[in-house]
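**Q** Structure provided below as structure tokens; questions to follow.
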Amino acid sequence: MSHRGSQWLVFACVAIAQFMVILDVTVINVALPAIKVQLHFGNAAIGWVVTAYVLAFGGFLLFGGRAADLFGRRRMLLTGMAAFTACSFLAGISPDPALLIVLRGAQGLSAALMSPAALSIVLATFSQGNKRNQALGYWSMVATAGAAAGLLLGGVLTEYAGWRWNFFINVPVGVVMSVVIARVVPAYGPRETRATLDVPGAALVTAGLMAAVFYFTQAPAWGWLGARTLPALAGALVLLGLFVVHEQRAEQPLVPLAIFRNRSVSGANAAMAAVYGGNLGMFFLITLYLQLVEHYSAVGTGLAILPVPVVMGPVAAQMRRLIARHGPRRYLILGPALVAAGMAWACFLPVHGNYLLHLLPALLVMPVGYGMSYPSAYAAATGGVPARQAGLASGLISTAQQMGGAIGLAVISAVAASYTASATGESGRQALTSGYNLAMAVAAGLTLLASVIAATVIRSAARRRQEHQPRESNVRRQSYASSAGGSA
């Protein structure tokens, strides 16, 4: 097999692992009503089947990224996949609500070990340039395709096989892929043999992120300033503040804060958080609109959303040439703007909508923007980062994605619910639709924020060259002066 062929085989292996991780964020959503009935969940408790996964996944991503750098990327990927597969099987046979919630949290932790390790393997496999940009384009397609496929697959499995198969489906895939990855993917051993994991830093940032995710996921139901949510917000702020102080003093920090001086890295992470927040919110709103207002089945809802990954794939595949030629900045400005335009179209959904007229145009425009946005964000967030920090960079962009998604989804769902609850004089379906339309406008504004961040924070390639030229001129003048002095 050629070197190029082996590279893409490695990519395929880790992409399947990432697909499993993203799929599990959405695949269970359609099955929640069936789980609620069979396991006798309470109305408040059923949401924890999703929340437990998101909490652990978002909270442990930085830990997982750093662990991949210190202990080996393939090792952490296989460790996470083995745990993920085992937890999926146990969740599938779980007879108890509390046990299912615990296992979903364990699944999220396992996913947090897999995801940054998988992306860092992609960065190590493809050197910077056209091939890496192409790989990152496909990688972004895997993320959105996994989210969309989860809705479709969850509906099919729940309707025809039972909700437990939403978990069981991971078992054969996980077993087969573990064997294949062990044979195909290079070891990618530790980059820093003498370094140790910053345990206090890992504990502080993990606890802080989990508290933040908990606050934003529960605030819509418990109140943004409620007695049960404010302690979580205060805890998140204190823990993350202590983490920053600790990292400034640590000899071997979990996250060297100097990485954020790279405006490409910091801007791309912020833009990713905004884009993905709008993305999850969009899927959430359209899924509810189709099922609750237009009375689509679970399978029909998945098919209706299918244009998103179908259109996004070819666009993302072409981004490697464009990013190589122009850099990621302009596409990280244009992409979210296109997504926001598609969302603006979907802000006027009627109660008795026509799919071809009222929704399909938005579902064709938005994936074009996503196809531009995600590869550009990945390229900007990981370009120029030293190889020894590839896992860290992967963990950062994955954390930004999941934290942005959790916060965006919480805000958007809260807007929809609060408007619907306060709507008087409107029928039930009209109130729901009006709430979804208003929330979609919020999603569009959040997504457009990513364009503003990219335009103001990330420097263009031409400007970076201009900034480097004076430094190089100073170095040459100093070198000339030194040589002249030596000659004298």
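In the structure tokens, chains take letters A, B, ... by order of appearance, with residues numbered from 1 within each chain and ligands from 1 in the order shown.
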Show me, as number ranges by chain, the residues that have an atom within 8 Å of Asp24 in chain A when counting only C-alpha atoms, minus same-chain residues fewer than 4 positions from it.

**A** A: 20, 28, 150

**Q** Write a file of the just-selected residues containing C-alpha atoms, as a short mmCIF file (atom, residue, chain, number, x, y, z; two decimals), in the first residue's frame.

**A**
```cif
data_model
loop_
_atom_site.label_atom_id
_atom_site.label_comp_id
_atom_site.auth_asym_id
_atom_site.auth_seq_id
_atom_site.Cartn_x
_atom_site.Cartn_y
_atom_site.Cartn_z
CA MET A 20 -19.21 7.22 17.09
CA ILE A 28 -30.45 9.01 21.91
CA GLY A 150 -27.79 10.35 14.88
#
```

**Q** Determine which residues of range 203-242 of chain A DSSP labels as helix (DSSP H, G or I) from the backbone of this structure, then write them out as JSON, numbers by chain.

**A** {"A": [203, 204, 205, 206, 207, 208, 209, 210, 211, 212, 213, 214, 215, 216, 217, 218, 219, 220, 221, 222, 230, 231, 232, 233, 234, 235, 236, 237, 238, 239, 240, 241, 242]}

**Q** Any idea what's packed within 8 Å of range 159-172 of chain A, counting only C-alpha atoms, ignoring anything in its chain fewer than 2 positions away? Could you give it as a PyMOL selection string?

**A** chain A and resi 20+27-28+31+34-35+85-86+88-89+91-93+154-157+174-176+298

**Q** Any idea what the distance is between CA of Tyr419 in chain A and CA of Leu280 in chain A?

**A**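 That distance, rounded to one decimal, is 19.3 Å.
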
**Q** Would you list the contacts of Ala17 in chain A as number ranges by chain, taking every protein, DNA or RNA residue within 9 Å and counting only C-alpha atoms, but skipping same-chain residues closer than 6 positions in sequence?

**A** A: 77, 81, 114-115, 118, 174, 177

**Q** Could you produce a table of the residues of range 111-223 of chain A lying within 12 Å of range 412-415 of chain A, with the nearest pair of atoms per residue and their separation in Å rounded to one decimal, using only C-alpha atoms, ordered by chain and increasing residue number, as a Markdown table?

**A**
```
| residue | atom | partner | partner_atom | distance |
| --- | --- | --- | --- | --- |
| A:Phe216 | CA | A:Ala414 | CA | 9.9 |
| A:Thr217 | CA | A:Ser413 | CA | 9.6 |
| A:Gln218 | CA | A:Ala414 | CA | 10.0 |
| A:Ala219 | CA | A:Ala414 | CA | 8.2 |
| A:Pro220 | CA | A:Ala414 | CA | 4.9 |
| A:Ala221 | CA | A:Ala414 | CA | 7.9 |
| A:Trp222 | CA | A:Ala414 | CA | 10.5 |
| A:Gly223 | CA | A:Ala414 | CA | 9.4 |
```

**Q** Can you tell me which residues surround range 9-13 of chain A at a distance of at most 10 Å, considering only C-alpha atoms, apart from same-chain residues fewer than 2 positions away, and format the answer as JSON, numbers by chain?

**A** {"A": [1, 3, 4, 5, 6, 7, 15, 16, 17, 18, 118, 119, 121, 122, 123, 125, 126, 135, 138, 139, 177, 178, 180, 181, 182, 183, 184, 185, 186]}

**Q** Mind running range 121-215 of chain A against range 250-270 of chain A at 8 Å and telling me each contacting residue's nearest atom pair with the distance in Å (one decimal), counting only C-alpha atoms, chain and number ascending, as a Markdown table?

**A**
```
| residue | atom | partner | partner_atom | distance |
| --- | --- | --- | --- | --- |
| A:Ala195 | CA | A:Gln252 | CA | 7.0 |
| A:Thr196 | CA | A:Gln252 | CA | 7.2 |
| A:Leu197 | CA | A:Leu254 | CA | 6.8 |
| A:Asp198 | CA | A:Leu254 | CA | 5.2 |
| A:Gly201 | CA | A:Leu254 | CA | 6.0 |
| A:Ala202 | CA | A:Leu254 | CA | 6.5 |
```

**Q** Restricting the calculation to only C-alpha atoms, which member of A:Ala112, A:Val245, A:Ala387, A:Leu360 is positioned closest to Ser127 in chain A?

**A**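 Nearest to Ser127 in chain A: A:Ala387.
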
**Q** If you count only C-alpha atoms, which residues fall within 9 Å of Arg66 in chain A, apart from same-chain ones fewer than 3 positions away, as number ranges by chain?

**A** A: 61-63, 69-71, 116-117, 197-198, 254-255, 389-392, 395
